[in-house]
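Report on the structure given below.
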Amino acid sequence: MRAGLLLIVPILAASACLPDRQAASMADEITAGQRLYAANGCGTCHGMTGRGDGPVAKTLNPPPRDFRDEGAFKNGVDPGSIANTLATGLTRDGGQMQSYFHLSDRERYLLARFVISLRESPTGATHE
Ligand code: HEC
C-alpha cells in the first residue's frame, strides 16, 4: 500500500506540471546554447546576435550565415542537421565554417537550439 503510493504520487506530480517544465527546459537549452556560442567565438564571424555581421564577416566569402535567414542554409535547418553541420564544418564551397568536432553531441545540440531561436525571434525585434 505504502509502496504503491510512493510510486503514484511522483507520477501525478510530474504530469501535472509537464507543460511548464517543458517550457522551462527549452529556455534553459537556449540559454546554455547562447553561453556556448559566446564561449566558442561563433560571434566573431556570425555576430553576437547571429546576423552574419561579426567583426571578420566582411573578409569571408562565402559570408557567414545570417541565422535569421532559414532559406540560406545549405544543410538542414532542424536541430539534428545543424548539430551535424557543427560536427563536420562547412567548407565544400571554400567557406571557412570550421568543424566543432571537439564539442560533445549535447553541446552541438544546444548550439543548434540557440541558432534556431534566433530564426524564430520576431522580425524587426532589436537584439542590439
Ligand atoms: C571563422 C568564421 C566562423 C566561425 C568562428 C563560425 N562560423 Fe559558422 N559559418 C561560417 C561561414 C563562412 C559559413 C557559411 C559557409 C558556406 O556558406 O559555405 C558558416 C555557416 C554556418 C551555419 C550554416 C550551415 C548551413 O547549413 O548553411 C551554421 C548553422 C553555423 N555556421 C553555425 C556556427 C556556430 C554555432 C558557430 C560556433 C560554434 C560558428 N558557426 C562559428 C563562418 C564561421
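Labels used: A, B, ... for chains in the order of the C-alpha cells, numbers from 1 for residues in each chain, and numbers from 1 for ligands as shown.
Residues of protein or nucleic acid lying within 6 Å of ligand 1, counting only C-alpha atoms and all ligand atoms, are Tyr37, Asn40, Gly41, Cys42, Thr44, Cys45, Leu60, Pro62, Pro63, Pro64, Arg65, Phe73, Lys74, Asn75, Gly76, Ile82, Leu90, Thr91, Asp93, Gly95, Gln96, Met97 and Leu111 of chain A.
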Take the residues that were just selected and, keeping N, CA and C atoms, output them as a short mmCIF file (atom, residue, chain, number, x, y, z; two decimals), in the first residue's frame.
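Generated file (again-v3.cif):
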```
data_model
loop_
_atom_site.label_atom_id
_atom_site.label_comp_id
_atom_site.auth_asym_id
_atom_site.auth_seq_id
_atom_site.Cartn_x
_atom_site.Cartn_y
_atom_site.Cartn_z
N TYR A 37 27.79 29.53 -27.54
CA TYR A 37 28.00 30.37 -28.73
C TYR A 37 29.05 31.45 -28.42
N ASN A 40 32.60 29.82 -27.66
CA ASN A 40 33.30 29.23 -28.80
C ASN A 40 33.58 30.23 -29.92
N GLY A 41 33.29 31.48 -29.68
CA GLY A 41 33.66 32.52 -30.63
C GLY A 41 32.84 32.53 -31.91
N CYS A 42 31.65 31.96 -31.90
CA CYS A 42 30.81 31.94 -33.11
C CYS A 42 30.52 33.37 -33.57
N THR A 44 32.39 35.89 -33.66
CA THR A 44 33.48 36.50 -34.42
C THR A 44 33.09 36.60 -35.89
N CYS A 45 32.45 35.57 -36.38
CA CYS A 45 32.01 35.56 -37.79
C CYS A 45 30.52 35.88 -37.92
N LEU A 60 35.11 37.25 -45.32
CA LEU A 60 34.80 35.85 -45.65
C LEU A 60 33.91 35.74 -46.89
N PRO A 62 32.34 32.34 -49.16
CA PRO A 62 31.01 32.87 -48.86
C PRO A 62 30.93 33.45 -47.44
N PRO A 63 30.01 34.38 -47.24
CA PRO A 63 29.88 35.05 -45.94
C PRO A 63 29.30 34.13 -44.89
N PRO A 64 29.55 34.42 -43.62
CA PRO A 64 28.93 33.62 -42.55
C PRO A 64 27.41 33.76 -42.60
N ARG A 65 26.76 32.69 -42.23
CA ARG A 65 25.29 32.68 -42.31
C ARG A 65 24.66 33.71 -41.38
N PHE A 73 20.39 28.46 -45.58
CA PHE A 73 21.15 27.31 -45.06
C PHE A 73 21.40 26.30 -46.18
N LYS A 74 22.61 25.78 -46.24
CA LYS A 74 22.97 24.80 -47.27
C LYS A 74 22.68 23.37 -46.82
N ASN A 75 22.79 23.13 -45.52
CA ASN A 75 22.42 21.83 -44.97
C ASN A 75 21.05 21.99 -44.32
N GLY A 76 20.59 20.97 -43.61
CA GLY A 76 19.27 21.04 -42.99
C GLY A 76 19.16 22.12 -41.94
N ILE A 82 21.65 20.82 -37.96
CA ILE A 82 22.57 21.91 -37.60
C ILE A 82 23.68 21.37 -36.70
N LEU A 90 31.61 23.31 -42.63
CA LEU A 90 31.00 23.52 -43.95
C LEU A 90 32.01 24.27 -44.81
N THR A 91 32.75 23.51 -45.57
CA THR A 91 33.86 24.11 -46.34
C THR A 91 33.79 23.73 -47.81
N ASP A 93 32.27 24.79 -50.37
CA ASP A 93 32.33 25.89 -51.35
C ASP A 93 33.47 26.85 -51.03
N GLY A 95 34.15 27.80 -48.02
CA GLY A 95 33.77 28.58 -46.84
C GLY A 95 34.61 28.20 -45.64
N GLN A 96 34.70 29.14 -44.71
CA GLN A 96 35.53 28.91 -43.52
C GLN A 96 34.69 28.61 -42.29
N MET A 97 33.70 27.74 -42.47
CA MET A 97 32.94 27.28 -41.30
C MET A 97 33.62 26.03 -40.79
N LEU A 111 23.89 24.38 -29.12
CA LEU A 111 24.23 25.47 -30.05
C LEU A 111 23.17 25.55 -31.16
#
```
Return as number ranges by chain the full set of residues in range 39-102 of chain A whose backbone-based DSSP assignment is alpha helix (DSSP H). A: 39, 43-46, 79-88
Tell me which of A:Glu70, A:Glu107, A:Asp53, A:Asp20 sits closest to Ala32 in chain A, counting only C-alpha atoms. A:Glu107
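Minimum distance to Ile30 in chain A across A:Asn61, A:Thr49, A:Gln98, A:Ser117 (counting only C-alpha atoms) occurs at A:Ser117.
If you measure from each of A:Ala83, A:Ala24, A:Leu18, A:Ile116 to Tyr100 in chain A using only C-alpha atoms, the closest one turns out to be A:Ala83.
Nearest-residue note for Gly71 in chain A: choosing from A:Arg119, A:Leu103, A:Gly43, A:Arg21, the minimum distance belongs to A:Arg119, counting only C-alpha atoms.
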Please indicate the distance in Å from CA of Met26 in chain A to CA of Ala112 in chain A, rounded to one decimal place. 12.1 Å
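One finds CA of Val77 in chain A at 15.8 Å from CA of Arg51 in chain A.
Of the listed residues A:Ala72, A:Tyr109, A:Ser99, A:Ala87, the one whose atoms come nearest to Gln34 in chain A is A:Tyr109, with distances taken using only C-alpha atoms.
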